[in-house]
Number of protein chains: 2
Amino acid sequence: MSQSKVAFIGLGVMGYPMAGHLAKAGHETRVYNRTTGKAEQWCAEYGGSFATTPREAADGADFVFMCVGNDDDLRSVVFGADGALAGCKPGAVLVDHTTASADVAREIGERAEVSFLDAPVSGGQAGAENGVLTVMVGGDSAAFDAARPVILSYARACELMGAVGAGQLTKMVNQICIAGLVQGLSEGLNFAERAGLDGHKVVDVISKGAAGSWQMENRGGTMLDDQFDFGFAVDWMRKDLAICLAEAQKNGAELPITRIVNDYYGEVQEMGGGRWDTSSLIRRFRRS
Amino acid sequence: MSQSKVAFIGLGVMGYPMAGHLAKAGHETRVYNRTTGKAEQWCAEYGGSFATTPREAADGADFVFMCVGNDDDLRSVVFGADGALAGCKPGAVLVDHTTASADVAREIGERAEVSFLDAPVSGGQAGAENGVLTVMVGGDSAAFDAARPVILSYARACELMGAVGAGQLTKMVNQICIAGLVQGLSEGLNFAERAGLDGHKVVDVISKGAAGSWQMENRGGTMLDDQFDFGFAVDWMRKDLAICLAEAQKNGAELPITRIVNDYYGEVQEMGGGRWDTSSLIRRFRRS
């Protein structure tokens, strides 16, 4: 694969290691982060350069990657006077890894004069650090084909799901499935505890069958041990579920249980669990 | 393994092939079924003998296996004047594969003068036919150790979960986990359809990650293709969830979503779906 000139905007727990994989793959990487200290730290670790605005980071880059907090953060780093669009060259490809709304993706797709891909990821912090993320992409196939080899620096799967917005919609399906699944697991394991069963043994026995899931396999044991200081935070899950619920209002999909689980997560936040892993949902049921 | 003299009571979609595996493993197998024609058919296929009452089937057997419909059926084949307990010899082990309440298991455990194991299974009809069921057992370890090699004629896993009743309680955890999981999957795939995504592609991409599950892997595609004429029937799931909800009333576990999903399955029954696979829950959401 040929080396490219790339920009990476947003060095959070996901973006920091993702940008690191780009540099390690030999791409000329310039990073931007709202807090400059983080960008300096990144350069000390990976040897790229940093910019003080998204515009400066994007200047001359073949690919401009972004991974920020939410729709508003995204609009700001894309559309602002010092935003990426103001800096990027014709023919550049803009790739957004933020989990955001399909609407903001379409808005950028329509307003940008360069190609845009919405490309939310799954796999979490560990997936970013190990470079094994799954990337769900919306956009046109020419831009996708160009960006895919670069994205594979930090991903093990990168799939084009449809037009701009389809990446975000796919990520929403992912989060909706997880909401019901973790709820079922929480009710089930809480029931096991109250029934006096050895929960670990129950998980061992049932995880190979029709009740089995990634969550049961990877979180069942830690749920039973009441460990939640890792993983995908409840605060982020609520942000994502709000996006799902807003989109469902538009496309007419009923999400009755997703809505209730979102409320339960609100109760977990009230318990002080905003930073706990999503599997901490069981604590909502343990306490009653 | 030494060959035993065994009885099998209840030749339904599960019991019929399970009893067949016992005969094929060389055990001297006598079967009983409420409808005698099925027992005759079984003998024609597997070459054992049949009895016209549970009592007669149990007479002289080392192990008496049962797999019937519900608590009342179970009480009838165990306690009736022509029931298994009236026929079985001292030292026999009674093994119940019905998914039933923990209460009826404890009732049999207390009243029976022989050893009793509650031993519900998972793996469905295909698991029974292929002899690869998972068996969750409650009872004492001596009876378990004696029965386990015989049970492995039709199971690939057979685990002692605790005292009498613990097998049923473990099966309940399994069904509770499935209820939330299938609900999340139904909401997610219905959302995918309404969002205009290629559902099969979505399942391919997300099933390897944190949203992945046995249900997504094995039922996601058939849900999208609207195929439900196979698998674990909604009628049976409702029976099982009723058992879970009744037990939760006693142990204090909150099952708010399990309760709602049970109601949704009631709506699927009203749609004519009592015999559809549990994944048909998505039809409840497609129609709205």
# chains A, B, ... in the order shown; residues from 1 in each chain; ligands from 1
>>> closest_atom_pairs(of="chain B", to="chain A", cutoff="6 Å", atoms="only C-alpha atoms", output="CSV")
residue,atom,partner,partner_atom,distance
B:Val173,CA,A:Gly188,CA,4.8
B:Asn174,CA,A:Ala211,CA,5.8
B:Ile176,CA,A:Gly188,CA,5.3
B:Cys177,CA,A:Gly184,CA,4.4
B:Ile178,CA,A:Ala211,CA,5.0
B:Gly180,CA,A:Gly184,CA,3.9
B:Leu181,CA,A:Leu181,CA,4.0
B:Gly184,CA,A:Gly180,CA,3.9
B:Leu185,CA,A:Cys177,CA,4.9
B:Glu187,CA,A:Leu255,CA,5.9
B:Gly188,CA,A:Val173,CA,4.7
B:Phe191,CA,A:Ala253,CA,5.3
B:Arg194,CA,A:Asn251,CA,5.9
B:Ala210,CA,A:Trp214,CA,5.5
B:Ala211,CA,A:Ile178,CA,5.0
B:Gly212,CA,A:Trp214,CA,5.5
B:Ser213,CA,A:Ser213,CA,3.8
B:Trp214,CA,A:Gly212,CA,5.5
B:Asn251,CA,A:Arg194,CA,5.9
B:Ala253,CA,A:Phe191,CA,5.2
B:Leu255,CA,A:Glu187,CA,5.8
>>> residues_around(residues="region 56-61 of chain B", least_positions_apart="4", cutoff="8 Å", atoms="only C-alpha atoms", output="PyMOL selection string")
chain B and resi 4-9+30-32+50-52+82+84-85+87-89+92
>>> select_by_dssp(residues="region 114-194 of chain A", states="alpha helix (DSSP H)", output="ChimeraX atom specification")
/A:124-130,141-151,166-194
>>> closest_residue(among="A:Val164, A:Met237, A:Ala147, A:Ala119", to="Glu107 (chain A)", atoms="only C-alpha atoms")
A:Val164
>>> residues_around(residues="Ala142 (chain B)", least_positions_apart="2", cutoff="12 Å", atoms="only C-alpha atoms", output="VMD selection string")
chain B and resid 91 to 93 115 to 117 138 to 140 144 to 148 160 163
>>> write_last_selection(atoms="N, CA, C and O atoms", output="compact mmCIF listing (two decimals), in the first residue's frame")
# COMPACT_ATOMS: atom_id res chain seq x y z
N GLY B 91 -33.73 -47.79 44.61
CA GLY B 91 -32.42 -47.59 43.97
C GLY B 91 -32.50 -47.02 42.58
O GLY B 91 -31.47 -46.67 41.99
N ALA B 92 -33.70 -46.94 42.02
CA ALA B 92 -33.84 -46.31 40.70
C ALA B 92 -33.56 -44.81 40.82
O ALA B 92 -33.63 -44.24 41.91
N VAL B 93 -33.22 -44.20 39.70
CA VAL B 93 -33.06 -42.74 39.65
C VAL B 93 -34.08 -42.19 38.65
O VAL B 93 -34.15 -42.65 37.51
N SER B 115 -34.14 -41.54 44.23
CA SER B 115 -33.44 -40.29 43.92
C SER B 115 -34.11 -39.59 42.74
O SER B 115 -34.57 -40.24 41.79
N PHE B 116 -34.15 -38.27 42.83
CA PHE B 116 -34.76 -37.49 41.75
C PHE B 116 -33.81 -36.40 41.28
O PHE B 116 -33.17 -35.71 42.08
N LEU B 117 -33.70 -36.25 39.97
CA LEU B 117 -32.92 -35.16 39.36
C LEU B 117 -33.84 -34.34 38.46
O LEU B 117 -34.51 -34.90 37.59
N GLY B 138 -30.36 -30.50 38.77
CA GLY B 138 -30.44 -30.27 40.21
C GLY B 138 -30.65 -31.60 40.90
O GLY B 138 -31.43 -32.44 40.42
N GLY B 139 -29.94 -31.81 42.03
CA GLY B 139 -30.11 -33.07 42.75
C GLY B 139 -28.86 -33.41 43.54
O GLY B 139 -27.97 -32.57 43.67
N ASP B 140 -28.81 -34.65 44.06
CA ASP B 140 -27.60 -34.99 44.82
C ASP B 140 -26.56 -35.61 43.91
O ASP B 140 -26.86 -36.14 42.84
N PHE B 144 -26.53 -37.92 40.42
CA PHE B 144 -26.01 -37.25 39.22
C PHE B 144 -24.89 -38.07 38.59
O PHE B 144 -24.88 -38.32 37.38
N ASP B 145 -23.94 -38.52 39.40
CA ASP B 145 -22.81 -39.29 38.88
C ASP B 145 -23.28 -40.58 38.20
O ASP B 145 -22.70 -41.02 37.20
N ALA B 146 -24.33 -41.17 38.77
CA ALA B 146 -24.85 -42.41 38.19
C ALA B 146 -25.55 -42.14 36.85
O ALA B 146 -25.40 -42.89 35.88
N ALA B 147 -26.33 -41.04 36.79
CA ALA B 147 -27.15 -40.79 35.60
C ALA B 147 -26.36 -40.15 34.46
O ALA B 147 -26.71 -40.32 33.28
N ARG B 148 -25.32 -39.40 34.80
CA ARG B 148 -24.62 -38.61 33.79
C ARG B 148 -24.16 -39.40 32.56
O ARG B 148 -24.41 -38.98 31.42
N LEU B 160 -24.09 -30.49 36.99
CA LEU B 160 -24.83 -30.40 38.25
C LEU B 160 -24.78 -28.96 38.76
O LEU B 160 -23.70 -28.42 39.00
N ALA B 163 -28.78 -28.29 44.38
CA ALA B 163 -29.78 -29.22 44.90
C ALA B 163 -30.98 -29.29 43.95
O ALA B 163 -31.09 -28.54 42.98
>>> residues_around(residues="Glu267 (chain B)", least_positions_apart="5", cutoff="9 Å", atoms="only C-alpha atoms", output="number ranges by chain")
B: 262, 272-273, 281, 284
>>> write_last_selection(atoms="N, CA, C and O atoms", output="PDB file, in the first residue's frame")
ATOM      1  N   ASN B 262     -42.907 -11.140  27.306  1.00  0.00           N
ATOM      2  CA  ASN B 262     -43.930 -12.180  27.427  1.00  0.00           C
ATOM      3  C   ASN B 262     -45.265 -11.695  26.859  1.00  0.00           C
ATOM      4  O   ASN B 262     -45.945 -12.422  26.130  1.00  0.00           O
ATOM      5  N   GLY B 272     -51.461 -15.623  15.269  1.00  0.00           N
ATOM      6  CA  GLY B 272     -51.440 -16.985  14.725  1.00  0.00           C
ATOM      7  C   GLY B 272     -50.078 -17.634  14.819  1.00  0.00           C
ATOM      8  O   GLY B 272     -49.824 -18.669  14.200  1.00  0.00           O
ATOM      9  N   GLY B 273     -49.190 -17.053  15.626  1.00  0.00           N
ATOM     10  CA  GLY B 273     -47.801 -17.495  15.633  1.00  0.00           C
ATOM     11  C   GLY B 273     -47.399 -18.414  16.770  1.00  0.00           C
ATOM     12  O   GLY B 273     -46.205 -18.528  17.063  1.00  0.00           O
ATOM     13  N   LEU B 281     -40.823 -12.780  17.000  1.00  0.00           N
ATOM     14  CA  LEU B 281     -41.119 -11.556  17.756  1.00  0.00           C
ATOM     15  C   LEU B 281     -40.992 -10.318  16.864  1.00  0.00           C
ATOM     16  O   LEU B 281     -41.723  -9.325  17.042  1.00  0.00           O
ATOM     17  N   ARG B 284     -44.135  -8.731  15.422  1.00  0.00           N
ATOM     18  CA  ARG B 284     -44.905  -7.821  16.269  1.00  0.00           C
ATOM     19  C   ARG B 284     -44.546  -6.358  15.966  1.00  0.00           C
ATOM     20  O   ARG B 284     -45.381  -5.466  16.086  1.00  0.00           O
TER      21      ARG B 284
END
>>> atom_distance(atom1="CA of Gly274 (chain B)", atom2="CA of Arg238 (chain B)")
9.1 Å
>>> atom_distance(atom1="CA of Thr29 (chain B)", atom2="CA of Asp62 (chain B)")
10.5 Å
>>> closest_residue(among="A:Cys67, A:Tyr154, A:Ala143, A:Asn33", to="Gly131 (chain A)", atoms="only C-alpha atoms")
A:Tyr154
>>> atom_distance(atom1="CA of Ser141 (chain A)", atom2="CA of Met66 (chain A)")
19.4 Å
>>> select_by_dssp(residues="region 146-236 of chain B", states="strand (DSSP E)", output="ChimeraX atom specification")
/B:155-162
>>> write_last_selection(atoms="N, CA, C and O atoms", output="tab-separated table (two decimals), in the first residue's frame")
chain	number	residue	atom	x	y	z
B	155	ALA	N	-26.63	-35.95	25.08
B	155	ALA	CA	-26.18	-34.60	25.47
B	155	ALA	C	-24.68	-34.47	25.25
B	155	ALA	O	-23.94	-35.44	25.33
B	156	ARG	N	-24.25	-33.24	25.02
B	156	ARG	CA	-22.81	-33.04	24.95
B	156	ARG	C	-22.31	-32.35	26.22
B	156	ARG	O	-21.12	-32.32	26.50
B	157	ALA	N	-23.24	-31.79	27.00
B	157	ALA	CA	-22.87	-31.21	28.28
B	157	ALA	C	-23.94	-31.56	29.29
B	157	ALA	O	-25.14	-31.54	28.97
B	158	CYS	N	-23.52	-31.92	30.49
B	158	CYS	CA	-24.46	-32.31	31.55
B	158	CYS	C	-23.83	-31.86	32.86
B	158	CYS	O	-22.82	-32.41	33.28
B	159	GLU	N	-24.41	-30.82	33.48
B	159	GLU	CA	-23.75	-30.20	34.63
B	159	GLU	C	-24.67	-30.17	35.85
B	159	GLU	O	-25.84	-29.83	35.74
B	160	LEU	N	-24.09	-30.49	36.99
B	160	LEU	CA	-24.83	-30.40	38.25
B	160	LEU	C	-24.78	-28.96	38.76
B	160	LEU	O	-23.70	-28.42	39.00
B	161	MET	N	-25.96	-28.34	38.91
B	161	MET	CA	-26.03	-26.92	39.25
B	161	MET	C	-26.32	-26.67	40.73
B	161	MET	O	-26.22	-25.53	41.20
B	162	GLY	N	-26.69	-27.71	41.48
B	162	GLY	CA	-27.04	-27.53	42.88
B	162	GLY	C	-28.07	-28.57	43.29
B	162	GLY	O	-28.23	-29.59	42.61
>>> residues_around(residues="Ser280 (chain A)", least_positions_apart="6", cutoff="10 Å", atoms="only C-alpha atoms", output="PyMOL selection string")
chain A and resi 182+186+219+222-223+226-229+233-234+265+268+273-274
>>> residues_around(residues="Leu74 (chain B)", least_positions_apart="2", cutoff="12 Å", atoms="only C-alpha atoms", output="PyMOL selection string")
chain B and resi 9-10+54+65-72+76-80+83-85+94-101+103-105+107-108+118
